[in-house]
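Trainee: Quick one, target.pdb (PDB, C-alpha atoms and all ligand atoms):
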ATOM      1  CA  MET A   1     143.793 147.047  51.752
ATOM      2  CA  PRO A   2     140.727 147.972  49.654
ATOM      3  CA  ASN A   3     141.224 147.476  45.921
ATOM      4  CA  LYS A   4     137.956 148.416  44.272
ATOM      5  CA  ILE A   5     137.114 146.493  41.133
ATOM      6  CA  THR A   6     135.658 148.434  38.209
ATOM      7  CA  ALA A   7     134.422 147.532  34.728
ATOM      8  CA  ALA A   8     137.867 148.616  33.450
ATOM      9  CA  THR A   9     139.605 146.245  35.897
ATOM     10  CA  LEU A  10     137.455 143.373  34.665
ATOM     11  CA  LEU A  11     138.089 144.154  30.986
ATOM     12  CA  GLN A  12     141.823 144.302  31.737
ATOM     13  CA  MET A  13     141.560 140.883  33.416
ATOM     14  CA  LYS A  14     140.029 139.455  30.225
ATOM     15  CA  GLN A  15     142.832 140.963  28.173
ATOM     16  CA  ASN A  16     145.435 139.467  30.530
ATOM     17  CA  GLY A  17     143.761 136.056  30.332
ATOM     18  CA  GLU A  18     142.929 136.151  34.076
ATOM     19  CA  LYS A  19     139.726 134.307  34.961
ATOM     20  CA  ILE A  20     136.939 136.278  36.658
ATOM     21  CA  SER A  21     134.909 134.967  39.592
ATOM     22  CA  GLN A  22     131.285 135.911  40.166
ATOM     23  CA  VAL A  23     128.657 134.652  42.608
ATOM     24  CA  THR A  24     125.124 135.702  43.345
ATOM     25  CA  CYS A  25     124.364 137.391  46.632
ATOM     26  CA  TYR A  26     121.271 138.921  48.194
ATOM     27  CA  ASP A  27     122.168 140.074  51.727
ATOM     28  CA  TYR A  28     124.701 142.055  53.762
ATOM     29  CA  SER A  29     126.236 139.271  55.890
ATOM     30  CA  THR A  30     126.896 136.996  52.925
ATOM     31  CA  ALA A  31     128.174 139.928  50.855
ATOM     32  CA  ARG A  32     130.812 140.664  53.506
ATOM     33  CA  ILE A  33     132.028 137.063  53.428
ATOM     34  CA  ILE A  34     132.065 136.926  49.606
ATOM     35  CA  ASP A  35     133.903 140.237  49.390
ATOM     36  CA  SER A  36     136.488 139.166  51.987
ATOM     37  CA  ALA A  37     137.075 135.968  49.993
ATOM     38  CA  GLY A  38     138.211 138.129  47.071
ATOM     39  CA  ILE A  39     135.428 137.271  44.619
ATOM     40  CA  ASN A  40     135.664 139.775  41.740
ATOM     41  CA  THR A  41     132.012 140.448  41.029
ATOM     42  CA  VAL A  42     128.728 139.918  42.816
ATOM     43  CA  LEU A  43     125.429 139.501  41.011
ATOM     44  CA  VAL A  44     122.260 140.461  42.838
ATOM     45  CA  GLY A  45     120.349 138.023  40.670
ATOM     46  CA  ASP A  46     116.596 137.890  40.280
ATOM     47  CA  SER A  47     117.212 134.241  41.212
ATOM     48  CA  LEU A  48     116.437 135.682  44.659
ATOM     49  CA  GLY A  49     112.816 135.025  43.735
ATOM     50  CA  MET A  50     113.641 131.321  44.083
ATOM     51  CA  THR A  51     116.495 131.265  46.611
ATOM     52  CA  MET A  52     115.230 133.930  49.038
ATOM     53  CA  GLN A  53     111.500 134.137  48.382
ATOM     54  CA  GLY A  54     110.615 130.521  47.549
ATOM     55  CA  TYR A  55     108.891 131.120  44.187
ATOM     56  CA  GLU A  56     109.200 128.416  41.515
ATOM     57  CA  ASN A  57     110.755 130.843  39.015
ATOM     58  CA  THR A  58     112.060 134.429  38.817
ATOM     59  CA  LEU A  59     109.003 136.015  37.201
ATOM     60  CA  PRO A  60     107.257 137.473  40.292
ATOM     61  CA  VAL A  61     110.272 139.541  41.449
ATOM     62  CA  THR A  62     109.702 143.321  41.412
ATOM     63  CA  ILE A  63     112.096 146.198  41.026
ATOM     64  CA  ASP A  64     111.318 147.444  44.552
ATOM     65  CA  GLU A  65     112.301 144.042  45.944
ATOM     66  CA  MET A  66     115.524 144.015  43.912
ATOM     67  CA  ILE A  67     116.404 147.401  45.386
ATOM     68  CA  ILE A  68     115.938 146.219  48.977
ATOM     69  CA  TYR A  69     118.203 143.195  48.488
ATOM     70  CA  GLY A  70     120.678 145.137  46.322
ATOM     71  CA  ARG A  71     121.249 147.895  48.882
ATOM     72  CA  SER A  72     122.193 145.355  51.533
ATOM     73  CA  VAL A  73     124.661 143.649  49.210
ATOM     74  CA  VAL A  74     126.321 146.914  48.201
ATOM     75  CA  ARG A  75     126.769 147.829  51.889
ATOM     76  CA  GLY A  76     128.594 144.509  52.411
ATOM     77  CA  CYS A  77     131.012 144.843  49.472
ATOM     78  CA  ARG A  78     134.173 146.923  49.826
ATOM     79  CA  ASN A  79     135.922 145.771  46.663
ATOM     80  CA  ALA A  80     133.663 143.570  44.558
ATOM     81  CA  PHE A  81     131.910 144.953  41.468
ATOM     82  CA  VAL A  82     128.159 144.686  42.101
ATOM     83  CA  ILE A  83     125.708 143.991  39.266
ATOM     84  CA  MET A  84     121.942 144.381  39.699
ATOM     85  CA  ASP A  85     119.649 142.091  37.737
ATOM     86  CA  MET A  86     116.707 143.779  36.026
ATOM     87  CA  PRO A  87     113.584 141.802  36.923
ATOM     88  CA  PHE A  88     110.950 140.522  34.504
ATOM     89  CA  MET A  89     108.922 143.334  32.878
ATOM     90  CA  SER A  90     111.153 146.115  34.179
ATOM     91  CA  TYR A  91     112.766 146.586  30.727
ATOM     92  CA  GLN A  92     110.980 144.534  28.053
ATOM     93  CA  ILE A  93     108.357 147.202  27.227
ATOM     94  CA  SER A  94     110.664 149.853  25.751
ATOM     95  CA  PRO A  95     114.161 151.364  25.876
ATOM     96  CA  GLN A  96     112.645 154.259  27.862
ATOM     97  CA  GLN A  97     111.248 151.868  30.488
ATOM     98  CA  ALA A  98     114.601 150.043  30.608
ATOM     99  CA  LEU A  99     116.493 153.290  31.178
ATOM    100  CA  GLU A 100     114.125 154.369  33.958
ATOM    101  CA  SER A 101     114.421 150.980  35.683
ATOM    102  CA  ALA A 102     118.200 150.821  35.321
ATOM    103  CA  GLY A 103     118.434 154.374  36.657
ATOM    104  CA  ARG A 104     116.439 153.411  39.752
ATOM    105  CA  LEU A 105     118.517 150.295  40.351
ATOM    106  CA  ILE A 106     121.773 152.242  40.244
ATOM    107  CA  LYS A 107     120.551 155.388  42.050
ATOM    108  CA  GLU A 108     118.770 153.533  44.844
ATOM    109  CA  THR A 109     121.339 150.781  45.506
ATOM    110  CA  ASN A 110     124.661 152.381  44.556
ATOM    111  CA  ALA A 111     125.560 149.238  42.556
ATOM    112  CA  HIS A 112     127.882 149.462  39.556
ATOM    113  CA  ALA A 113     126.073 147.830  36.613
ATOM    114  CA  VAL A 114     122.810 146.212  35.572
ATOM    115  CA  LYS A 115     122.075 142.902  33.864
ATOM    116  CA  LEU A 116     119.191 142.103  31.552
ATOM    117  CA  GLU A 117     118.164 139.001  29.642
ATOM    118  CA  GLY A 118     117.886 138.691  25.871
ATOM    119  CA  GLY A 119     119.931 139.116  22.723
ATOM    120  CA  ALA A 120     118.951 140.879  19.506
ATOM    121  CA  SER A 121     115.498 141.662  20.940
ATOM    122  CA  VAL A 122     116.837 143.965  23.689
ATOM    123  CA  THR A 123     119.561 145.900  21.869
ATOM    124  CA  GLY A 124     117.504 149.128  21.994
ATOM    125  CA  GLN A 125     117.310 148.750  25.771
ATOM    126  CA  ILE A 126     121.062 148.075  26.120
ATOM    127  CA  LYS A 127     121.904 151.095  23.978
ATOM    128  CA  ALA A 128     119.632 153.413  25.981
ATOM    129  CA  ILE A 129     121.153 152.271  29.283
ATOM    130  CA  THR A 130     124.789 152.366  28.176
ATOM    131  CA  ASP A 131     124.255 155.791  26.544
ATOM    132  CA  ALA A 132     123.312 157.006  30.018
ATOM    133  CA  GLY A 133     126.673 155.800  31.371
ATOM    134  CA  ILE A 134     125.475 152.649  33.092
ATOM    135  CA  PRO A 135     127.516 149.508  32.311
ATOM    136  CA  VAL A 136     125.353 146.639  31.054
ATOM    137  CA  CYS A 137     125.838 142.913  31.401
ATOM    138  CA  ALA A 138     123.691 141.000  28.895
ATOM    139  CA  HIS A 139     122.444 137.447  29.474
ATOM    140  CA  ILE A 140     121.868 135.015  26.595
ATOM    141  CA  GLY A 141     121.381 131.288  26.046
ATOM    142  CA  MET A 142     119.024 129.944  28.694
ATOM    143  CA  THR A 143     117.342 133.076  29.990
ATOM    144  CA  PRO A 144     115.261 132.132  33.048
ATOM    145  CA  GLN A 145     112.698 134.925  32.528
ATOM    146  CA  SER A 146     111.643 133.089  29.322
ATOM    147  CA  VAL A 147     111.064 129.815  31.173
ATOM    148  CA  ASN A 148     107.479 129.611  29.908
ATOM    149  CA  ALA A 149     108.564 130.116  26.285
ATOM    150  CA  PHE A 150     111.353 127.520  26.612
ATOM    151  CA  GLY A 151     109.043 125.034  28.375
ATOM    152  CA  GLY A 152     111.502 124.629  31.269
ATOM    153  CA  PHE A 153     115.114 125.378  32.159
ATOM    154  CA  LYS A 154     116.800 123.768  29.108
ATOM    155  CA  VAL A 155     120.204 123.954  27.370
ATOM    156  CA  GLN A 156     120.116 126.486  24.499
ATOM    157  CA  GLY A 157     122.237 126.706  21.332
ATOM    158  CA  LYS A 158     121.986 122.986  20.531
ATOM    159  CA  GLY A 159     122.093 122.313  16.790
ATOM    160  CA  GLU A 160     123.548 124.509  14.062
ATOM    161  CA  GLU A 161     120.676 126.986  13.712
ATOM    162  CA  ASN A 162     120.423 127.623  17.440
ATOM    163  CA  ALA A 163     124.201 127.891  17.802
ATOM    164  CA  ARG A 164     124.276 130.561  15.094
ATOM    165  CA  ARG A 165     121.426 132.423  16.848
ATOM    166  CA  VAL A 166     123.246 132.440  20.202
ATOM    167  CA  LEU A 167     126.465 133.714  18.547
ATOM    168  CA  GLU A 168     124.477 136.404  16.711
ATOM    169  CA  ASP A 169     122.807 137.395  19.997
ATOM    170  CA  ALA A 170     126.266 137.835  21.539
ATOM    171  CA  LEU A 171     127.439 140.018  18.663
ATOM    172  CA  SER A 172     124.215 142.098  18.811
ATOM    173  CA  VAL A 173     124.505 142.846  22.527
ATOM    174  CA  GLN A 174     128.168 143.735  22.071
ATOM    175  CA  GLU A 175     127.271 146.122  19.230
ATOM    176  CA  ALA A 176     124.605 147.692  21.468
ATOM    177  CA  GLY A 177     127.217 148.449  24.145
ATOM    178  CA  ALA A 178     127.223 145.567  26.674
ATOM    179  CA  PHE A 179     130.608 145.113  28.390
ATOM    180  CA  MET A 180     129.834 141.679  29.828
ATOM    181  CA  VAL A 181     127.558 138.801  28.877
ATOM    182  CA  VAL A 182     126.329 135.820  30.873
ATOM    183  CA  LEU A 183     126.180 132.632  28.789
ATOM    184  CA  GLU A 184     123.788 130.280  30.546
ATOM    185  CA  CYS A 185     123.464 126.602  29.617
ATOM    186  CA  VAL A 186     125.270 126.988  26.294
ATOM    187  CA  PRO A 187     127.347 124.057  24.919
ATOM    188  CA  PRO A 188     131.019 124.532  25.895
ATOM    189  CA  LYS A 189     132.618 124.736  22.428
ATOM    190  CA  LEU A 190     130.068 127.326  21.335
ATOM    191  CA  ALA A 191     130.698 129.329  24.554
ATOM    192  CA  ALA A 192     134.461 129.198  23.902
ATOM    193  CA  LEU A 193     133.914 130.352  20.301
ATOM    194  CA  ILE A 194     131.768 133.282  21.489
ATOM    195  CA  THR A 195     134.462 134.163  24.061
ATOM    196  CA  SER A 196     137.104 134.303  21.326
ATOM    197  CA  LYS A 197     134.891 136.356  18.993
ATOM    198  CA  THR A 198     133.921 139.099  21.439
ATOM    199  CA  SER A 199     135.667 141.846  23.371
ATOM    200  CA  MET A 200     132.948 141.542  26.054
ATOM    201  CA  ILE A 201     133.692 139.547  29.191
ATOM    202  CA  THR A 202     131.872 136.215  28.969
ATOM    203  CA  ILE A 203     130.643 134.769  32.243
ATOM    204  CA  GLY A 204     129.546 131.164  32.018
ATOM    205  CA  ILE A 205     127.019 129.207  34.015
ATOM    206  CA  GLY A 206     126.690 125.712  32.610
ATOM    207  CA  ALA A 207     128.774 126.885  29.623
ATOM    208  CA  GLY A 208     132.127 125.157  30.228
ATOM    209  CA  ALA A 209     135.606 126.372  31.123
ATOM    210  CA  GLY A 210     136.217 128.379  27.960
ATOM    211  CA  CYS A 211     134.467 131.519  29.230
ATOM    212  CA  ASP A 212     136.334 134.485  30.732
ATOM    213  CA  GLY A 213     134.699 133.864  34.092
ATOM    214  CA  GLN A 214     132.138 131.793  35.953
ATOM    215  CA  VAL A 215     129.062 132.533  38.046
ATOM    216  CA  LEU A 216     127.178 130.279  40.456
ATOM    217  CA  VAL A 217     124.177 130.826  42.682
ATOM    218  CA  TYR A 218     125.735 130.754  46.140
ATOM    219  CA  GLN A 219     123.094 128.554  47.739
ATOM    220  CA  ASP A 220     123.724 125.943  45.013
ATOM    221  CA  MET A 221     127.498 125.893  45.528
ATOM    222  CA  LEU A 222     127.154 125.748  49.330
ATOM    223  CA  GLY A 223     124.570 122.958  49.455
ATOM    224  CA  MET A 224     121.764 125.206  50.704
ATOM    225  CA  SER A 225     119.184 124.757  47.960
ATOM    226  CA  GLY A 226     117.612 121.399  48.734
ATOM    227  CA  ASP A 227     118.117 118.099  46.998
ATOM    228  CA  PHE A 228     118.040 119.174  43.344
ATOM    229  CA  THR A 229     121.405 120.360  42.010
ATOM    230  CA  PRO A 230     121.746 121.237  38.306
ATOM    231  CA  LYS A 231     124.540 119.344  36.468
ATOM    232  CA  PHE A 232     126.655 122.499  36.076
ATOM    233  CA  VAL A 233     126.819 123.157  39.833
ATOM    234  CA  LYS A 234     129.738 122.000  41.938
ATOM    235  CA  ARG A 235     129.104 121.845  45.689
ATOM    236  CA  PHE A 236     132.061 123.535  47.350
ATOM    237  CA  ALA A 237     130.659 122.977  50.867
ATOM    238  CA  ASP A 238     127.687 121.510  52.670
ATOM    239  CA  ILE A 239     126.663 124.564  54.653
ATOM    240  CA  GLY A 240     122.986 123.537  54.494
ATOM    241  CA  SER A 241     123.672 120.419  56.601
ATOM    242  CA  ALA A 242     126.015 122.332  58.903
ATOM    243  CA  MET A 243     123.252 124.909  59.521
ATOM    244  CA  GLU A 244     120.604 122.252  60.114
ATOM    245  CA  ASN A 245     122.856 120.452  62.619
ATOM    246  CA  ALA A 246     123.560 123.713  64.446
ATOM    247  CA  PHE A 247     119.835 124.570  64.646
ATOM    248  CA  ARG A 248     119.056 121.035  65.933
ATOM    249  CA  GLU A 249     121.714 121.360  68.634
ATOM    250  CA  TYR A 250     120.419 124.799  69.648
ATOM    251  CA  ASP A 251     116.838 123.480  69.791
ATOM    252  CA  SER A 252     117.912 120.573  71.965
ATOM    253  CA  GLU A 253     119.992 122.774  74.326
ATOM    254  CA  VAL A 254     117.162 125.291  74.734
ATOM    255  CA  ARG A 255     114.764 122.449  75.575
ATOM    256  CA  SER A 256     117.179 120.824  78.028
ATOM    257  CA  GLY A 257     118.227 124.134  79.639
ATOM    258  CA  ALA A 258     121.888 123.601  78.686
ATOM    259  CA  PHE A 259     121.757 126.920  76.824
ATOM    260  CA  PRO A 260     122.321 129.604  78.000
ATOM    261  CA  ALA A 261     125.196 128.492  80.254
ATOM    262  CA  PRO A 262     126.659 130.889  82.905
ATOM    263  CA  GLU A 263     129.254 132.109  80.395
ATOM    264  CA  ASN A 264     126.453 133.278  78.098
ATOM    265  CA  THR A 265     124.864 135.538  80.766
ATOM    266  CA  TYR A 266     125.587 138.946  82.337
ATOM    267  CA  ALA A 267     125.804 137.565  85.905
ATOM    268  CA  LYS A 268     128.261 140.273  87.029
ATOM    269  CA  SER A 269     125.680 142.984  86.318
ATOM    270  CA  ASP A 270     123.101 141.400  88.644
ATOM    271  CA  CYS A 271     122.048 143.270  91.815
ATOM    272  CA  SER A 272     122.804 141.805  95.225
ATOM    273  CA  ASP A 273     120.778 138.816  96.451
ATOM    274  CA  GLU A 274     119.437 141.019  99.293
ATOM    275  CA  PHE A 275     118.085 143.611  96.866
ATOM    276  CA  LEU A 276     116.493 140.955  94.647
ATOM    277  CA  ALA A 277     114.899 139.369  97.731
ATOM    278  CA  ARG A 278     113.386 142.809  98.632
ATOM    279  CA  LEU A 279     112.121 143.203  95.038
ATOM    280  CA  ASN A 280     110.577 139.767  95.272
ATOM    281  CA  GLU A 281     108.698 140.786  98.401
ATOM    282  CA  GLU A 282     107.595 144.170  97.081
ATOM    283  CA  TYR A 283     105.967 142.860  93.884
TER     284      TYR A 283
HETATM  285  O1  LIG B 301     119.489 135.583  38.548
HETATM  286  C1  LIG B 301     120.584 135.001  38.558
HETATM  287  O2  LIG B 301     121.096 134.579  39.594
HETATM  288  C2  LIG B 301     121.268 134.830  37.288
HETATM  289  C3  LIG B 301     122.487 133.951  37.272
HETATM  290  C4  LIG B 301     122.110 132.549  37.421
HETATM  291  C5  LIG B 301     123.336 134.195  36.082
HETATM  292  O3  LIG B 301     120.853 135.370  36.311
END
Write the structure described by the file as structure tokens, please.
Mentor:
Amino acid sequence: MPNKITAATLLQMKQNGEKISQVTCYDYSTARIIDSAGINTVLVGDSLGMTMQGYENTLPVTIDEMIIYGRSVVRGCRNAFVIMDMPFMSYQISPQQALESAGRLIKETNAHAVKLEGGASVTGQIKAITDAGIPVCAHIGMTPQSVNAFGGFKVQGKGEENARRVLEDALSVQEAGAFMVVLECVPPKLAALITSKTSMITIGIGAGAGCDGQVLVYQDMLGMSGDFTPKFVKRFADIGSAMENAFREYDSEVRSGAFPAPENTYAKSDCSDEFLARLNEEY
């Protein structure tokens, strides 16, 4: 029975103290599985630049690419609330640019909200987008689009000054209208403090159990992203190895002729042996 999740449902979950699940997704088949599993929200993250396109960071991803992936995810979700990430340089220039980009992402994918990175520096953008009726998820702490400024993917909010800055970023994005905020690689006590201080839904990734919800990149949690696994990831399955074994078996059966077996063919639809013999002679 479909039970569509909205921003209001998610805010009610926070108020009831119910934890919120979120995973990234970039394609239709995986979206169907995630949605059937009852995951509350799906993030079409610009992490697709790394997980789907093989870049070393998220910076090259374009808005047109986000739209292609996003549409497929939306078609696979019956109930989950779908959030579209705004890629690098699709919103940083001005609130006007941010509104135009957010408008495209929603209009052309039919998703339910957008996410953008940054705290106090992007409040004008968040206000412009929310004023247009589009729910915004902010993203503070370790913001991957600033990887070059951070000098790598590093924990943020360490030390008193940085902790204060991350808390102030959270309060700024809330004031600007964000209904949800991703806290990435933020120390757990600070993340729990932010969660208690804000009416926004906090979604943690590497931010401890004190957030309102959690997000993981699905390839990381399913063992599909190679040997490196960040400390905050838990592997819930080893689908990568299962896939590799299946492809090896297929390769070996194709080579040996074991596949396709009679049960994998349409033998009943074949013409009579006499007819095929005549065809053989004719050509
Ligand atoms: O792009 C992404 O997948 C993200 C999550 C890691 C929060 O921003």
Trainee: Could I get the residues of chain A with an atom no further than 6 Å from an atom of ligand LIG 301 (chain B), each paired with its nearest atom pair and that distance in Å to one decimal, using all atoms listed in the file, sorted by chain and residue number, as a Markdown table?
Mentor:
| residue | atom | partner | partner_atom | distance |
| --- | --- | --- | --- | --- |
| A:Thr24 | CA | B:LIG301 | O2 | 5.6 |
| A:Gly45 | CA | B:LIG301 | O1 | 3.3 |
| A:Asp46 | CA | B:LIG301 | O1 | 4.1 |
| A:Ser47 | CA | B:LIG301 | O1 | 3.8 |
| A:Val217 | CA | B:LIG301 | O2 | 5.8 |
Trainee: Given the PyMOL selection byres (((chain A and resi 55-60) around 12) and not hetatm) and the file above, list the residues it selects as a count of residues only.
Mentor: 31
Trainee: As a PDB file with C-alpha atoms, keeping the file's coordinate frame, please: the residues near region 95-110 of chain A (cut-off 12 Å, all atoms listed in the file, same-chain neighbours under 6 positions excluded).
Mentor:
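Output file selection_17.pdb follows:
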ATOM      1  CA  VAL A  44     122.260 140.461  42.838  1.00  0.00           C
ATOM      2  CA  THR A  62     109.702 143.321  41.412  1.00  0.00           C
ATOM      3  CA  ILE A  63     112.096 146.198  41.026  1.00  0.00           C
ATOM      4  CA  ASP A  64     111.318 147.444  44.552  1.00  0.00           C
ATOM      5  CA  GLU A  65     112.301 144.042  45.944  1.00  0.00           C
ATOM      6  CA  MET A  66     115.524 144.015  43.912  1.00  0.00           C
ATOM      7  CA  ILE A  67     116.404 147.401  45.386  1.00  0.00           C
ATOM      8  CA  ILE A  68     115.938 146.219  48.977  1.00  0.00           C
ATOM      9  CA  TYR A  69     118.203 143.195  48.488  1.00  0.00           C
ATOM     10  CA  GLY A  70     120.678 145.137  46.322  1.00  0.00           C
ATOM     11  CA  ARG A  71     121.249 147.895  48.882  1.00  0.00           C
ATOM     12  CA  SER A  72     122.193 145.355  51.533  1.00  0.00           C
ATOM     13  CA  VAL A  73     124.661 143.649  49.210  1.00  0.00           C
ATOM     14  CA  VAL A  74     126.321 146.914  48.201  1.00  0.00           C
ATOM     15  CA  ARG A  75     126.769 147.829  51.889  1.00  0.00           C
ATOM     16  CA  GLY A  76     128.594 144.509  52.411  1.00  0.00           C
ATOM     17  CA  CYS A  77     131.012 144.843  49.472  1.00  0.00           C
ATOM     18  CA  PHE A  81     131.910 144.953  41.468  1.00  0.00           C
ATOM     19  CA  VAL A  82     128.159 144.686  42.101  1.00  0.00           C
ATOM     20  CA  ILE A  83     125.708 143.991  39.266  1.00  0.00           C
ATOM     21  CA  MET A  84     121.942 144.381  39.699  1.00  0.00           C
ATOM     22  CA  ASP A  85     119.649 142.091  37.737  1.00  0.00           C
ATOM     23  CA  MET A  86     116.707 143.779  36.026  1.00  0.00           C
ATOM     24  CA  PRO A  87     113.584 141.802  36.923  1.00  0.00           C
ATOM     25  CA  PHE A  88     110.950 140.522  34.504  1.00  0.00           C
ATOM     26  CA  MET A  89     108.922 143.334  32.878  1.00  0.00           C
ATOM     27  CA  LEU A 116     119.191 142.103  31.552  1.00  0.00           C
ATOM     28  CA  GLU A 117     118.164 139.001  29.642  1.00  0.00           C
ATOM     29  CA  SER A 121     115.498 141.662  20.940  1.00  0.00           C
ATOM     30  CA  VAL A 122     116.837 143.965  23.689  1.00  0.00           C
ATOM     31  CA  THR A 123     119.561 145.900  21.869  1.00  0.00           C
ATOM     32  CA  GLY A 124     117.504 149.128  21.994  1.00  0.00           C
ATOM     33  CA  GLN A 125     117.310 148.750  25.771  1.00  0.00           C
ATOM     34  CA  ILE A 126     121.062 148.075  26.120  1.00  0.00           C
ATOM     35  CA  LYS A 127     121.904 151.095  23.978  1.00  0.00           C
ATOM     36  CA  ALA A 128     119.632 153.413  25.981  1.00  0.00           C
ATOM     37  CA  ILE A 129     121.153 152.271  29.283  1.00  0.00           C
ATOM     38  CA  THR A 130     124.789 152.366  28.176  1.00  0.00           C
ATOM     39  CA  ASP A 131     124.255 155.791  26.544  1.00  0.00           C
ATOM     40  CA  ALA A 132     123.312 157.006  30.018  1.00  0.00           C
ATOM     41  CA  GLY A 133     126.673 155.800  31.371  1.00  0.00           C
ATOM     42  CA  ILE A 134     125.475 152.649  33.092  1.00  0.00           C
ATOM     43  CA  PRO A 135     127.516 149.508  32.311  1.00  0.00           C
ATOM     44  CA  VAL A 136     125.353 146.639  31.054  1.00  0.00           C
ATOM     45  CA  CYS A 137     125.838 142.913  31.401  1.00  0.00           C
ATOM     46  CA  ALA A 176     124.605 147.692  21.468  1.00  0.00           C
TER      47      ALA A 176
END
Trainee: Could you check the closest approach to Lys14 (chain A) for each of A:Gly240, A:Gly210, A:Gly226, A:Pro260 and tell me which residue wins, using only C-alpha atoms?
Mentor: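 Ranked by minimum distance to Lys14 (chain A), first place goes to A:Gly210.
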Trainee: Rounded to one decimal place, report the CA of Cys25 (chain A)-CA of Gln219 (chain A) distance in Å.
Mentor: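 Separation of CA of Cys25 (chain A) and CA of Gln219 (chain A): 9.0 Å.
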Trainee: Record the distance separating CA of Gly141 (chain A) and CA of Val166 (chain A), expressed in Å with one decimal.
Mentor: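 The value is 6.2 Å.
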Trainee: Given the point (132.3, 141.8, 40.6) in the coordinates of this file, which residues lie within 10 Å, counting only C-alpha atoms, and how would they look as a PyMOL selection string?
Mentor: chain A and resi 4-7+9-10+20-24+35+38-43+77+79-83+112-113
Trainee: Using CA of Ile201 (chain A) and CA of Val182 (chain A) as the two end points, give the distance in Å to one decimal.
Mentor: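 Computing the Euclidean distance for CA of Ile201 (chain A) and CA of Val182 (chain A) yields 8.4 Å.
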Trainee: Counting only C-alpha atoms, what is within 10 Å of Lys189 (chain A), bar same-chain residues fewer than 6 positions away, as an NGL selection string?
Mentor: :A and (195 or 207-211)
Trainee: Would you mind exporting the chosen residues as an mmCIF file, in the frame of the given file, restricted to C-alpha atoms?
Mentor:
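Okay, result13.cif is ready:
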data_model
loop_
_atom_site.group_PDB
_atom_site.id
_atom_site.type_symbol
_atom_site.label_atom_id
_atom_site.label_comp_id
_atom_site.auth_asym_id
_atom_site.auth_seq_id
_atom_site.Cartn_x
_atom_site.Cartn_y
_atom_site.Cartn_z
ATOM 1 C CA THR A 195 134.462 134.163 24.061
ATOM 2 C CA ALA A 207 128.774 126.885 29.623
ATOM 3 C CA GLY A 208 132.127 125.157 30.228
ATOM 4 C CA ALA A 209 135.606 126.372 31.123
ATOM 5 C CA GLY A 210 136.217 128.379 27.960
ATOM 6 C CA CYS A 211 134.467 131.519 29.230
#
Trainee: If the PyMOL selection byres (((chain A and resi 179) around 6) and not hetatm) is run on the structure shown, which residues does it catch, given as a PyMOL selection string?
Mentor: chain A and resi 178+180+200
Trainee: How would the residues just picked look written out with C-alpha atoms as a PDB file, in the coordinates of the input?
Mentor:
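And here is the file that came out, out_1.pdb:
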ATOM      1  CA  ALA A 178     127.223 145.567  26.674  1.00  0.00           C
ATOM      2  CA  MET A 180     129.834 141.679  29.828  1.00  0.00           C
ATOM      3  CA  MET A 200     132.948 141.542  26.054  1.00  0.00           C
TER       4      MET A 200
END
Trainee: Where does the PyMOL selection byres (((chain A and resi 167) around 10) and not hetatm) land in this file, that is, which residues does it pick, as a PyMOL selection string?
Mentor: chain A and resi 119+140-141+157+162-166+168-172+190-191+193-195+197-198
